[in-house]
Amino acid sequence: MPRRLGALLCVVALGLAACTSDDSGSSSDSTAATETSAGAATTDPAPLEVTPITLVPNPENVLSATLIFTTTTPTTATLHISGPGSDRLEPAATEPATEHEIAAVGMRADSTYELTIAVTDEAGQTASPPPVTFTTGSLPADIPPLIVTSDPEQMAPGLTLFPLTHRADPPAVEGQPPPMLGLLVAVDAEGNVVWYHRAPSPIGDARLLDNGHILYEYNDMGAREIDLSGQVVREWAGILERGRLATDQFGRTIAGADAIPVETDSIHHEINQLPNGNFLALSTELRDVDGFTTPQCGEPAEGFTGSYQLISDVIVEFVPDTGEIVNEWKLADYFEPQTNPADANICGIDIPFIVPNFLYVAEGEVHDWTHANAAVLDEERNAILISIRHLNAVLAIRYADDAEGQSGDVLWRLGPDGSLDLEGEGELQYHQHAPEVQSDGTILLYDNGNERPGTDPAATDPAGRPYSRAVRYSIDDDAETVTQEWEYRSTVGGAPAYAFFVGDADMLENGSVLVTNGGLVDPPTTAVQLVEVEPAGTAGGNVVFELRVDEAGWFTYRARRVPSLYVGGPDAV
């Protein structure tokens, strides 16, 4: 039996062993023989027996528990979770095994559930031990209240998975800025938290992998793969020379001792899995860039050297098992800030809690230049789409060599200073996040709207205030044109929603769009707003889900709708 009982809070063993019977209702016998129609003797399969379930509450998550049992033959298992808000069958163990540890997750706080296991072996025999009951605990106090309005019948099915970060936790080191602790939560259609995971540092991009684990980026430094119990399965960390990743900007040790090193400065904002199994991630480099004839960041002209230390982004493809980098594209090679005004926003924005400047503090004055926040593969175009926030650009570069050219070639640049001409009504994006390629080739993204012409955060007239939006574009690669197909502008408290940092827009399976206004600044009482909207025409639509965090100091990076926390589930029963 698996040995994961040490340091657990309690263990409850319930039920009796169960065995199967054959179709006639008589007990199976491993030594019995039957006659086939041809008269040849065959041996019946060994009887399938299953031990009682041992239920182990998860000390890291009061909404989950582990079910431990063994079977006499290798089996797969399904889990039926019945209780408040749940009557579902989950494919909990899809690989045959005789020793099982199954995470029971997806339950509401302060509720009692009946958990039933059914196993099937390769001979088709089935068995079920007696069910067990589990009562969940109360949510931790550090999960903020979530205010939810929803129409579950109209929503895309599943759970909403998103990180939460707070910027006002007690300082870890006297005299240092406050650290940011990370939370990752999943809520059901009514807004009940049904799963959570705590981390000692902010969580950014998070997604469900095909193997049922969750992959997330943390603290602009590394990435983790965790199972549904919250245990780290694998971890990756960028490696700076001088080993500076041993601690973060608050003096805290972050990367685990078993982290797989990736020979790059950082892993920040984005990590996703490519069809070939490799990971695609964003990293950074510190580059000395000279050739500037005039000061760019308000320095006095006297003594100006014409040189800056700039943080630029690097896109890396690496092998998860080893950390070996197999492809690398450096954004600094694509721009000329000395001569092209469209590339010259080198001074960045002074928001230290959302940029990786802390990695380079020992280098003196540095500037967060490109600040990419997404890199995704567009398979149809054979392109990587890179969202470059501070240049108001989505850059498409060729992913792999093909008949048209070499890997790394620029295909187009979307944005107000880009290579694509805007056709028809609409506008291009500013300080955008999270481009997402649709099945028809259109691109959905989150347009934050920083520095949008004609807007001013200090404007007293609401018509002049900045706004954020979800927007979908179609691109004619041959004609080098872009057309705005649809947009949605959220409102909060009757005012336009404006998230000056972070944000996301995801197309859902029913055609709705999940919009993440993750870093709201106006009105100040709402920090986070998630909205699911059914698009209508070229703008707007019907809102079927809204989630808000009405406490200052919180933000969320991206949100996703996942069918279930279990791969392949759930099925209603």
# chains A, B, ... in the order shown; residues from 1 in each chain; ligands from 1

call {"tool": "select_by_dssp", "arguments": {"residues": "segment 370-541 of chain A", "states": "strand (DSSP E)", "output": "PDB file with N, CA and C atoms, in the first residue's frame"}}
result
ATOM      1  N   ALA A 372       7.385  41.570 -22.646  1.00  0.00           N
ATOM      2  CA  ALA A 372       6.454  40.613 -23.251  1.00  0.00           C
ATOM      3  C   ALA A 372       5.664  39.905 -22.166  1.00  0.00           C
ATOM      4  N   ASN A 373       4.425  39.522 -22.491  1.00  0.00           N
ATOM      5  CA  ASN A 373       3.604  38.819 -21.502  1.00  0.00           C
ATOM      6  C   ASN A 373       2.939  37.567 -22.062  1.00  0.00           C
ATOM      7  N   ALA A 374       3.209  37.213 -23.324  1.00  0.00           N
ATOM      8  CA  ALA A 374       2.632  35.998 -23.889  1.00  0.00           C
ATOM      9  C   ALA A 374       3.456  35.552 -25.083  1.00  0.00           C
ATOM     10  N   ALA A 375       3.527  34.236 -25.264  1.00  0.00           N
ATOM     11  CA  ALA A 375       4.134  33.642 -26.456  1.00  0.00           C
ATOM     12  C   ALA A 375       3.365  32.357 -26.732  1.00  0.00           C
ATOM     13  N   VAL A 376       2.646  32.319 -27.848  1.00  0.00           N
ATOM     14  CA  VAL A 376       1.803  31.174 -28.174  1.00  0.00           C
ATOM     15  C   VAL A 376       2.083  30.730 -29.598  1.00  0.00           C
ATOM     16  N   LEU A 377       1.921  29.432 -29.821  1.00  0.00           N
ATOM     17  CA  LEU A 377       2.134  28.867 -31.154  1.00  0.00           C
ATOM     18  C   LEU A 377       0.845  28.939 -31.964  1.00  0.00           C
ATOM     19  N   ASP A 378       0.947  29.491 -33.161  1.00  0.00           N
ATOM     20  CA  ASP A 378      -0.119  29.469 -34.152  1.00  0.00           C
ATOM     21  C   ASP A 378       0.273  28.406 -35.171  1.00  0.00           C
ATOM     22  N   ALA A 383       3.739  29.972 -36.776  1.00  0.00           N
ATOM     23  CA  ALA A 383       4.216  31.226 -36.184  1.00  0.00           C
ATOM     24  C   ALA A 383       4.108  31.187 -34.677  1.00  0.00           C
ATOM     25  N   ILE A 384       5.004  31.914 -34.024  1.00  0.00           N
ATOM     26  CA  ILE A 384       4.863  32.236 -32.608  1.00  0.00           C
ATOM     27  C   ILE A 384       4.351  33.657 -32.523  1.00  0.00           C
ATOM     28  N   LEU A 385       3.248  33.850 -31.803  1.00  0.00           N
ATOM     29  CA  LEU A 385       2.693  35.181 -31.583  1.00  0.00           C
ATOM     30  C   LEU A 385       3.160  35.670 -30.213  1.00  0.00           C
ATOM     31  N   ILE A 386       3.842  36.807 -30.192  1.00  0.00           N
ATOM     32  CA  ILE A 386       4.436  37.341 -28.969  1.00  0.00           C
ATOM     33  C   ILE A 386       3.771  38.665 -28.635  1.00  0.00           C
ATOM     34  N   SER A 387       3.167  38.741 -27.457  1.00  0.00           N
ATOM     35  CA  SER A 387       2.569  39.986 -27.000  1.00  0.00           C
ATOM     36  C   SER A 387       3.640  40.810 -26.303  1.00  0.00           C
ATOM     37  N   ILE A 388       3.954  41.978 -26.867  1.00  0.00           N
ATOM     38  CA  ILE A 388       5.017  42.848 -26.348  1.00  0.00           C
ATOM     39  C   ILE A 388       4.344  44.101 -25.801  1.00  0.00           C
ATOM     40  N   ALA A 393       2.526  45.896 -29.267  1.00  0.00           N
ATOM     41  CA  ALA A 393       2.712  45.071 -30.453  1.00  0.00           C
ATOM     42  C   ALA A 393       2.457  43.596 -30.162  1.00  0.00           C
ATOM     43  N   VAL A 394       1.835  42.928 -31.142  1.00  0.00           N
ATOM     44  CA  VAL A 394       1.843  41.469 -31.212  1.00  0.00           C
ATOM     45  C   VAL A 394       2.690  41.120 -32.429  1.00  0.00           C
ATOM     46  N   LEU A 395       3.824  40.504 -32.164  1.00  0.00           N
ATOM     47  CA  LEU A 395       4.781  40.183 -33.226  1.00  0.00           C
ATOM     48  C   LEU A 395       4.627  38.721 -33.601  1.00  0.00           C
ATOM     49  N   ALA A 396       4.482  38.453 -34.901  1.00  0.00           N
ATOM     50  CA  ALA A 396       4.422  37.081 -35.403  1.00  0.00           C
ATOM     51  C   ALA A 396       5.751  36.752 -36.068  1.00  0.00           C
ATOM     52  N   ILE A 397       6.429  35.713 -35.550  1.00  0.00           N
ATOM     53  CA  ILE A 397       7.672  35.261 -36.158  1.00  0.00           C
ATOM     54  C   ILE A 397       7.527  33.796 -36.554  1.00  0.00           C
ATOM     55  N   ARG A 398       8.249  33.393 -37.588  1.00  0.00           N
ATOM     56  CA  ARG A 398       8.169  32.013 -38.065  1.00  0.00           C
ATOM     57  C   ARG A 398       8.729  31.071 -36.996  1.00  0.00           C
ATOM     58  N   VAL A 410      10.368  37.559 -39.300  1.00  0.00           N
ATOM     59  CA  VAL A 410       9.180  38.324 -38.935  1.00  0.00           C
ATOM     60  C   VAL A 410       8.122  38.157 -40.021  1.00  0.00           C
ATOM     61  N   LEU A 411       6.910  37.796 -39.615  1.00  0.00           N
ATOM     62  CA  LEU A 411       5.791  37.671 -40.547  1.00  0.00           C
ATOM     63  C   LEU A 411       4.948  38.940 -40.570  1.00  0.00           C
ATOM     64  N   TRP A 412       4.627  39.466 -39.406  1.00  0.00           N
ATOM     65  CA  TRP A 412       3.913  40.738 -39.334  1.00  0.00           C
ATOM     66  C   TRP A 412       3.964  41.263 -37.895  1.00  0.00           C
ATOM     67  N   ARG A 413       3.558  42.513 -37.764  1.00  0.00           N
ATOM     68  CA  ARG A 413       3.492  43.172 -36.459  1.00  0.00           C
ATOM     69  C   ARG A 413       2.136  43.847 -36.342  1.00  0.00           C
ATOM     70  N   LEU A 414       1.331  43.401 -35.372  1.00  0.00           N
ATOM     71  CA  LEU A 414       0.000  43.960 -35.138  1.00  0.00           C
ATOM     72  C   LEU A 414       0.080  45.026 -34.066  1.00  0.00           C
ATOM     73  N   ASP A 421      -2.303  47.055 -41.950  1.00  0.00           N
ATOM     74  CA  ASP A 421      -3.207  48.200 -42.073  1.00  0.00           C
ATOM     75  C   ASP A 421      -4.591  47.832 -41.569  1.00  0.00           C
ATOM     76  N   LEU A 422      -5.168  48.691 -40.725  1.00  0.00           N
ATOM     77  CA  LEU A 422      -6.509  48.465 -40.193  1.00  0.00           C
ATOM     78  C   LEU A 422      -7.546  48.822 -41.249  1.00  0.00           C
ATOM     79  N   GLU A 423      -8.457  47.880 -41.522  1.00  0.00           N
ATOM     80  CA  GLU A 423      -9.534  48.117 -42.469  1.00  0.00           C
ATOM     81  C   GLU A 423     -10.858  48.206 -41.735  1.00  0.00           C
ATOM     82  N   HIS A 433      -2.548  42.003 -23.729  1.00  0.00           N
ATOM     83  CA  HIS A 433      -2.164  40.731 -23.114  1.00  0.00           C
ATOM     84  C   HIS A 433      -2.822  39.569 -23.864  1.00  0.00           C
ATOM     85  N   ALA A 434      -2.196  38.402 -23.773  1.00  0.00           N
ATOM     86  CA  ALA A 434      -2.804  37.085 -24.009  1.00  0.00           C
ATOM     87  C   ALA A 434      -3.473  36.889 -25.359  1.00  0.00           C
ATOM     88  N   PRO A 435      -2.761  37.051 -26.486  1.00  0.00           N
ATOM     89  CA  PRO A 435      -3.386  36.691 -27.765  1.00  0.00           C
ATOM     90  C   PRO A 435      -3.720  35.203 -27.801  1.00  0.00           C
ATOM     91  N   GLU A 436      -4.889  34.887 -28.338  1.00  0.00           N
ATOM     92  CA  GLU A 436      -5.359  33.508 -28.426  1.00  0.00           C
ATOM     93  C   GLU A 436      -5.835  33.256 -29.852  1.00  0.00           C
ATOM     94  N   VAL A 437      -5.265  32.260 -30.511  1.00  0.00           N
ATOM     95  CA  VAL A 437      -5.606  31.949 -31.896  1.00  0.00           C
ATOM     96  C   VAL A 437      -6.855  31.077 -31.927  1.00  0.00           C
ATOM     97  N   ILE A 443      -7.783  36.236 -34.119  1.00  0.00           N
ATOM     98  CA  ILE A 443      -7.005  36.363 -32.885  1.00  0.00           C
ATOM     99  C   ILE A 443      -7.818  37.159 -31.873  1.00  0.00           C
ATOM    100  N   LEU A 444      -8.045  36.534 -30.730  1.00  0.00           N
ATOM    101  CA  LEU A 444      -8.716  37.185 -29.608  1.00  0.00           C
ATOM    102  C   LEU A 444      -7.658  37.610 -28.614  1.00  0.00           C
ATOM    103  N   LEU A 445      -7.744  38.844 -28.111  1.00  0.00           N
ATOM    104  CA  LEU A 445      -6.775  39.288 -27.112  1.00  0.00           C
ATOM    105  C   LEU A 445      -7.415  40.274 -26.147  1.00  0.00           C
ATOM    106  N   TYR A 446      -6.666  40.582 -25.095  1.00  0.00           N
ATOM    107  CA  TYR A 446      -7.105  41.545 -24.097  1.00  0.00           C
ATOM    108  C   TYR A 446      -6.351  42.846 -24.334  1.00  0.00           C
ATOM    109  N   ASP A 447      -7.087  43.901 -24.615  1.00  0.00           N
ATOM    110  CA  ASP A 447      -6.527  45.222 -24.896  1.00  0.00           C
ATOM    111  C   ASP A 447      -6.651  46.065 -23.625  1.00  0.00           C
ATOM    112  N   ARG A 469     -10.674  46.257 -22.913  1.00  0.00           N
ATOM    113  CA  ARG A 469     -11.680  45.520 -23.686  1.00  0.00           C
ATOM    114  C   ARG A 469     -11.114  44.184 -24.143  1.00  0.00           C
ATOM    115  N   ALA A 470     -12.009  43.259 -24.453  1.00  0.00           N
ATOM    116  CA  ALA A 470     -11.658  42.067 -25.231  1.00  0.00           C
ATOM    117  C   ALA A 470     -11.920  42.413 -26.688  1.00  0.00           C
ATOM    118  N   VAL A 471     -11.027  41.982 -27.575  1.00  0.00           N
ATOM    119  CA  VAL A 471     -11.186  42.324 -28.991  1.00  0.00           C
ATOM    120  C   VAL A 471     -10.718  41.147 -29.840  1.00  0.00           C
ATOM    121  N   ARG A 472     -11.430  40.917 -30.935  1.00  0.00           N
ATOM    122  CA  ARG A 472     -11.071  39.836 -31.863  1.00  0.00           C
ATOM    123  C   ARG A 472     -10.790  40.436 -33.235  1.00  0.00           C
ATOM    124  N   TYR A 473      -9.637  40.057 -33.798  1.00  0.00           N
ATOM    125  CA  TYR A 473      -9.200  40.556 -35.094  1.00  0.00           C
ATOM    126  C   TYR A 473      -9.088  39.400 -36.087  1.00  0.00           C
ATOM    127  N   SER A 474      -9.390  39.693 -37.351  1.00  0.00           N
ATOM    128  CA  SER A 474      -9.026  38.787 -38.447  1.00  0.00           C
ATOM    129  C   SER A 474      -7.876  39.429 -39.211  1.00  0.00           C
ATOM    130  N   ILE A 475      -6.938  38.602 -39.647  1.00  0.00           N
ATOM    131  CA  ILE A 475      -5.733  39.096 -40.315  1.00  0.00           C
ATOM    132  C   ILE A 475      -5.600  38.428 -41.669  1.00  0.00           C
ATOM    133  N   ASP A 476      -5.441  39.246 -42.692  1.00  0.00           N
ATOM    134  CA  ASP A 476      -5.134  38.756 -44.035  1.00  0.00           C
ATOM    135  C   ASP A 476      -3.623  38.827 -44.194  1.00  0.00           C
ATOM    136  N   THR A 481      -3.382  43.117 -43.934  1.00  0.00           N
ATOM    137  CA  THR A 481      -4.434  43.951 -43.359  1.00  0.00           C
ATOM    138  C   THR A 481      -5.016  43.256 -42.144  1.00  0.00           C
ATOM    139  N   VAL A 482      -5.646  44.056 -41.282  1.00  0.00           N
ATOM    140  CA  VAL A 482      -6.301  43.548 -40.087  1.00  0.00           C
ATOM    141  C   VAL A 482      -7.677  44.195 -39.992  1.00  0.00           C
ATOM    142  N   THR A 483      -8.663  43.404 -39.566  1.00  0.00           N
ATOM    143  CA  THR A 483     -10.032  43.886 -39.418  1.00  0.00           C
ATOM    144  C   THR A 483     -10.534  43.544 -38.023  1.00  0.00           C
ATOM    145  N   GLN A 484     -11.126  44.529 -37.354  1.00  0.00           N
ATOM    146  CA  GLN A 484     -11.720  44.263 -36.050  1.00  0.00           C
ATOM    147  C   GLN A 484     -13.080  43.611 -36.250  1.00  0.00           C
ATOM    148  N   GLU A 485     -13.259  42.403 -35.692  1.00  0.00           N
ATOM    149  CA  GLU A 485     -14.494  41.651 -35.867  1.00  0.00           C
ATOM    150  C   GLU A 485     -15.473  41.846 -34.715  1.00  0.00           C
ATOM    151  N   TRP A 486     -14.952  42.032 -33.500  1.00  0.00           N
ATOM    152  CA  TRP A 486     -15.828  42.135 -32.330  1.00  0.00           C
ATOM    153  C   TRP A 486     -15.035  42.706 -31.168  1.00  0.00           C
ATOM    154  N   GLU A 487     -15.729  43.415 -30.278  1.00  0.00           N
ATOM    155  CA  GLU A 487     -15.115  43.892 -29.045  1.00  0.00           C
ATOM    156  C   GLU A 487     -16.144  43.870 -27.923  1.00  0.00           C
ATOM    157  N   TYR A 488     -15.633  43.800 -26.700  1.00  0.00           N
ATOM    158  CA  TYR A 488     -16.506  43.899 -25.534  1.00  0.00           C
ATOM    159  C   TYR A 488     -15.808  44.740 -24.486  1.00  0.00           C
ATOM    160  N   THR A 491     -18.064  46.986 -17.778  1.00  0.00           N
ATOM    161  CA  THR A 491     -18.292  48.114 -16.873  1.00  0.00           C
ATOM    162  C   THR A 491     -18.261  47.595 -15.442  1.00  0.00           C
ATOM    163  N   VAL A 492     -17.847  48.452 -14.534  1.00  0.00           N
ATOM    164  CA  VAL A 492     -17.843  48.153 -13.097  1.00  0.00           C
ATOM    165  C   VAL A 492     -18.416  49.370 -12.389  1.00  0.00           C
ATOM    166  N   ALA A 495     -19.078  52.433 -14.564  1.00  0.00           N
ATOM    167  CA  ALA A 495     -17.959  53.089 -15.243  1.00  0.00           C
ATOM    168  C   ALA A 495     -17.226  52.073 -16.123  1.00  0.00           C
ATOM    169  N   PRO A 496     -16.527  52.536 -17.168  1.00  0.00           N
ATOM    170  CA  PRO A 496     -15.749  51.601 -17.992  1.00  0.00           C
ATOM    171  C   PRO A 496     -14.689  50.895 -17.166  1.00  0.00           C
ATOM    172  N   TYR A 498     -11.216  49.521 -16.452  1.00  0.00           N
ATOM    173  CA  TYR A 498      -9.873  49.829 -16.927  1.00  0.00           C
ATOM    174  C   TYR A 498      -8.867  49.085 -16.068  1.00  0.00           C
ATOM    175  N   ALA A 499      -8.209  48.107 -16.650  1.00  0.00           N
ATOM    176  CA  ALA A 499      -7.158  47.346 -15.981  1.00  0.00           C
ATOM    177  C   ALA A 499      -5.826  47.787 -16.572  1.00  0.00           C
ATOM    178  N   ASP A 504      -6.974  39.114 -19.626  1.00  0.00           N
ATOM    179  CA  ASP A 504      -7.071  37.924 -20.472  1.00  0.00           C
ATOM    180  C   ASP A 504      -8.433  37.906 -21.145  1.00  0.00           C
ATOM    181  N   ALA A 505      -8.511  37.199 -22.272  1.00  0.00           N
ATOM    182  CA  ALA A 505      -9.778  36.933 -22.946  1.00  0.00           C
ATOM    183  C   ALA A 505      -9.676  35.557 -23.584  1.00  0.00           C
ATOM    184  N   ASP A 506     -10.583  34.648 -23.197  1.00  0.00           N
ATOM    185  CA  ASP A 506     -10.561  33.268 -23.680  1.00  0.00           C
ATOM    186  C   ASP A 506     -11.885  32.919 -24.339  1.00  0.00           C
ATOM    187  N   MET A 507     -11.819  32.303 -25.520  1.00  0.00           N
ATOM    188  CA  MET A 507     -13.017  31.772 -26.157  1.00  0.00           C
ATOM    189  C   MET A 507     -13.377  30.449 -25.488  1.00  0.00           C
ATOM    190  N   VAL A 513     -17.165  34.293 -24.387  1.00  0.00           N
ATOM    191  CA  VAL A 513     -15.808  34.756 -24.121  1.00  0.00           C
ATOM    192  C   VAL A 513     -15.683  35.062 -22.627  1.00  0.00           C
ATOM    193  N   LEU A 514     -14.662  34.495 -22.010  1.00  0.00           N
ATOM    194  CA  LEU A 514     -14.356  34.778 -20.614  1.00  0.00           C
ATOM    195  C   LEU A 514     -13.335  35.908 -20.569  1.00  0.00           C
ATOM    196  N   VAL A 515     -13.734  37.045 -20.022  1.00  0.00           N
ATOM    197  CA  VAL A 515     -12.897  38.247 -19.981  1.00  0.00           C
ATOM    198  C   VAL A 515     -12.382  38.440 -18.567  1.00  0.00           C
ATOM    199  N   THR A 516     -11.077  38.603 -18.436  1.00  0.00           N
ATOM    200  CA  THR A 516     -10.440  38.811 -17.138  1.00  0.00           C
ATOM    201  C   THR A 516      -9.956  40.246 -17.031  1.00  0.00           C
ATOM    202  N   ASN A 517     -10.697  41.061 -16.282  1.00  0.00           N
ATOM    203  CA  ASN A 517     -10.228  42.401 -15.928  1.00  0.00           C
ATOM    204  C   ASN A 517      -9.477  42.248 -14.604  1.00  0.00           C
ATOM    205  N   LEU A 520      -7.881  46.082 -11.958  1.00  0.00           N
ATOM    206  CA  LEU A 520      -8.710  47.279 -12.097  1.00  0.00           C
ATOM    207  C   LEU A 520      -8.235  48.405 -11.183  1.00  0.00           C
ATOM    208  N   VAL A 521      -8.366  49.624 -11.666  1.00  0.00           N
ATOM    209  CA  VAL A 521      -7.994  50.787 -10.862  1.00  0.00           C
ATOM    210  C   VAL A 521      -9.130  51.788 -10.723  1.00  0.00           C
ATOM    211  N   ASP A 522     -10.214  51.622 -11.472  1.00  0.00           N
ATOM    212  CA  ASP A 522     -11.310  52.579 -11.410  1.00  0.00           C
ATOM    213  C   ASP A 522     -12.609  51.842 -11.729  1.00  0.00           C
ATOM    214  N   VAL A 528     -10.812  43.105  -9.022  1.00  0.00           N
ATOM    215  CA  VAL A 528     -10.820  42.043 -10.031  1.00  0.00           C
ATOM    216  C   VAL A 528     -12.248  41.846 -10.507  1.00  0.00           C
ATOM    217  N   GLN A 529     -12.410  41.664 -11.827  1.00  0.00           N
ATOM    218  CA  GLN A 529     -13.719  41.312 -12.380  1.00  0.00           C
ATOM    219  C   GLN A 529     -13.527  40.293 -13.495  1.00  0.00           C
ATOM    220  N   LEU A 530     -14.216  39.148 -13.371  1.00  0.00           N
ATOM    221  CA  LEU A 530     -14.272  38.162 -14.441  1.00  0.00           C
ATOM    222  C   LEU A 530     -15.677  38.199 -15.025  1.00  0.00           C
ATOM    223  N   VAL A 531     -15.773  38.174 -16.357  1.00  0.00           N
ATOM    224  CA  VAL A 531     -17.062  38.256 -17.032  1.00  0.00           C
ATOM    225  C   VAL A 531     -17.106  37.223 -18.143  1.00  0.00           C
ATOM    226  N   GLU A 532     -18.184  36.445 -18.193  1.00  0.00           N
ATOM    227  CA  GLU A 532     -18.448  35.606 -19.363  1.00  0.00           C
ATOM    228  C   GLU A 532     -19.552  36.276 -20.160  1.00  0.00           C
ATOM    229  N   VAL A 533     -19.284  36.536 -21.437  1.00  0.00           N
ATOM    230  CA  VAL A 533     -20.229  37.252 -22.277  1.00  0.00           C
ATOM    231  C   VAL A 533     -20.508  36.452 -23.538  1.00  0.00           C
ATOM    232  N   GLU A 534     -21.784  36.388 -23.926  1.00  0.00           N
ATOM    233  CA  GLU A 534     -22.183  35.793 -25.194  1.00  0.00           C
ATOM    234  C   GLU A 534     -22.107  36.876 -26.256  1.00  0.00           C
ATOM    235  N   PRO A 535     -21.123  36.810 -27.183  1.00  0.00           N
ATOM    236  CA  PRO A 535     -20.960  37.888 -28.161  1.00  0.00           C
ATOM    237  C   PRO A 535     -22.211  38.087 -29.009  1.00  0.00           C
ATOM    238  N   GLY A 541     -22.615  42.083 -25.943  1.00  0.00           N
ATOM    239  CA  GLY A 541     -23.220  40.775 -25.800  1.00  0.00           C
ATOM    240  C   GLY A 541     -23.907  40.628 -24.463  1.00  0.00           C
TER     241      GLY A 541
END

call {"tool": "residues_around", "arguments": {"residues": "Gly454 of chain A", "least_positions_apart": "6", "cutoff": "12 Å", "atoms": "only C-alpha atoms", "output": "PDB file with all heavy atoms, in the first residue's frame"}}
result
ATOM      1  N   ASP A 461     -14.323  63.770 -17.152  1.00  0.00           N
ATOM      2  CA  ASP A 461     -15.406  63.324 -18.019  1.00  0.00           C
ATOM      3  C   ASP A 461     -15.241  61.831 -18.295  1.00  0.00           C
ATOM      4  O   ASP A 461     -14.205  61.407 -18.823  1.00  0.00           O
ATOM      5  CB  ASP A 461     -15.368  64.106 -19.336  1.00  0.00           C
ATOM      6  CG  ASP A 461     -16.529  63.736 -20.262  1.00  0.00           C
ATOM      7  OD1 ASP A 461     -17.290  62.813 -19.922  1.00  0.00           O
ATOM      8  OD2 ASP A 461     -16.645  64.378 -21.322  1.00  0.00           O
ATOM      9  N   PRO A 462     -16.240  61.007 -17.934  1.00  0.00           N
ATOM     10  CA  PRO A 462     -16.100  59.560 -18.183  1.00  0.00           C
ATOM     11  C   PRO A 462     -15.782  59.219 -19.631  1.00  0.00           C
ATOM     12  O   PRO A 462     -15.128  58.203 -19.894  1.00  0.00           O
ATOM     13  CB  PRO A 462     -17.470  59.005 -17.756  1.00  0.00           C
ATOM     14  CG  PRO A 462     -18.001  59.996 -16.781  1.00  0.00           C
ATOM     15  CD  PRO A 462     -17.500  61.330 -17.246  1.00  0.00           C
ATOM     16  N   ALA A 463     -16.216  60.043 -20.560  1.00  0.00           N
ATOM     17  CA  ALA A 463     -15.946  59.763 -21.967  1.00  0.00           C
ATOM     18  C   ALA A 463     -14.464  59.844 -22.295  1.00  0.00           C
ATOM     19  O   ALA A 463     -14.013  59.259 -23.291  1.00  0.00           O
ATOM     20  CB  ALA A 463     -16.726  60.743 -22.859  1.00  0.00           C
ATOM     21  N   GLY A 464     -13.716  60.530 -21.474  1.00  0.00           N
ATOM     22  CA  GLY A 464     -12.284  60.664 -21.723  1.00  0.00           C
ATOM     23  C   GLY A 464     -11.433  59.713 -20.906  1.00  0.00           C
ATOM     24  O   GLY A 464     -10.204  59.736 -21.015  1.00  0.00           O
ATOM     25  N   ARG A 465     -12.069  58.883 -20.098  1.00  0.00           N
ATOM     26  CA  ARG A 465     -11.317  57.948 -19.272  1.00  0.00           C
ATOM     27  C   ARG A 465     -10.832  56.765 -20.103  1.00  0.00           C
ATOM     28  O   ARG A 465     -11.466  56.356 -21.079  1.00  0.00           O
ATOM     29  CB  ARG A 465     -12.203  57.429 -18.135  1.00  0.00           C
ATOM     30  CG  ARG A 465     -12.734  58.504 -17.207  1.00  0.00           C
ATOM     31  CD  ARG A 465     -11.701  58.970 -16.233  1.00  0.00           C
ATOM     32  NE  ARG A 465     -11.354  57.933 -15.274  1.00  0.00           N
ATOM     33  CZ  ARG A 465     -10.392  58.075 -14.363  1.00  0.00           C
ATOM     34  NH1 ARG A 465      -9.669  59.172 -14.324  1.00  0.00           N
ATOM     35  NH2 ARG A 465     -10.138  57.088 -13.514  1.00  0.00           N
ATOM     36  N   PRO A 466      -9.722  56.161 -19.728  1.00  0.00           N
ATOM     37  CA  PRO A 466      -9.267  54.967 -20.441  1.00  0.00           C
ATOM     38  C   PRO A 466     -10.191  53.781 -20.179  1.00  0.00           C
ATOM     39  O   PRO A 466     -10.936  53.764 -19.192  1.00  0.00           O
ATOM     40  CB  PRO A 466      -7.869  54.721 -19.877  1.00  0.00           C
ATOM     41  CG  PRO A 466      -7.792  55.488 -18.615  1.00  0.00           C
ATOM     42  CD  PRO A 466      -8.798  56.575 -18.673  1.00  0.00           C
ATOM     43  N   TYR A 467     -10.146  52.808 -21.044  1.00  0.00           N
ATOM     44  CA  TYR A 467     -10.957  51.606 -20.893  1.00  0.00           C
ATOM     45  C   TYR A 467     -10.193  50.411 -21.435  1.00  0.00           C
ATOM     46  O   TYR A 467      -9.321  50.536 -22.292  1.00  0.00           O
ATOM     47  CB  TYR A 467     -12.293  51.743 -21.638  1.00  0.00           C
ATOM     48  CG  TYR A 467     -12.145  52.040 -23.116  1.00  0.00           C
ATOM     49  CD1 TYR A 467     -12.018  51.005 -24.049  1.00  0.00           C
ATOM     50  CD2 TYR A 467     -12.126  53.352 -23.581  1.00  0.00           C
ATOM     51  CE1 TYR A 467     -11.873  51.273 -25.401  1.00  0.00           C
ATOM     52  CE2 TYR A 467     -11.983  53.632 -24.926  1.00  0.00           C
ATOM     53  CZ  TYR A 467     -11.858  52.595 -25.831  1.00  0.00           C
ATOM     54  OH  TYR A 467     -11.703  52.870 -27.168  1.00  0.00           O
TER      55      TYR A 467
END

call {"tool": "select_by_dssp", "arguments": {"residues": "segment 138-286 of chain A", "states": "helix (DSSP H, G or I)", "output": "list in words"}}
result
Glu241, Arg242, Gly243, Arg244, Leu245 and Ala246 of chain A

call {"tool": "residues_around", "arguments": {"residues": "Trp236 of chain A", "least_positions_apart": "2", "cutoff": "9 Å", "atoms": "only C-alpha atoms", "output": "list in words"}}
result
Met221, Gly222, Ala223, Arg224, Glu225, Arg234, Gly238, Ala255, Gly256, Asp258, Ala259, Ile260, Pro261, Val262, Ile267, Pro320 and Gly323 of chain A

call {"tool": "residues_around", "arguments": {"residues": "segment 77-87 of chain A", "least_positions_apart": "6", "cutoff": "10 Å", "atoms": "only C-alpha atoms", "output": "PyMOL selection string"}}
result
chain A and resi 67+93-97+100+102-121+126-128+131+133-135+188-190+192+194+569-573
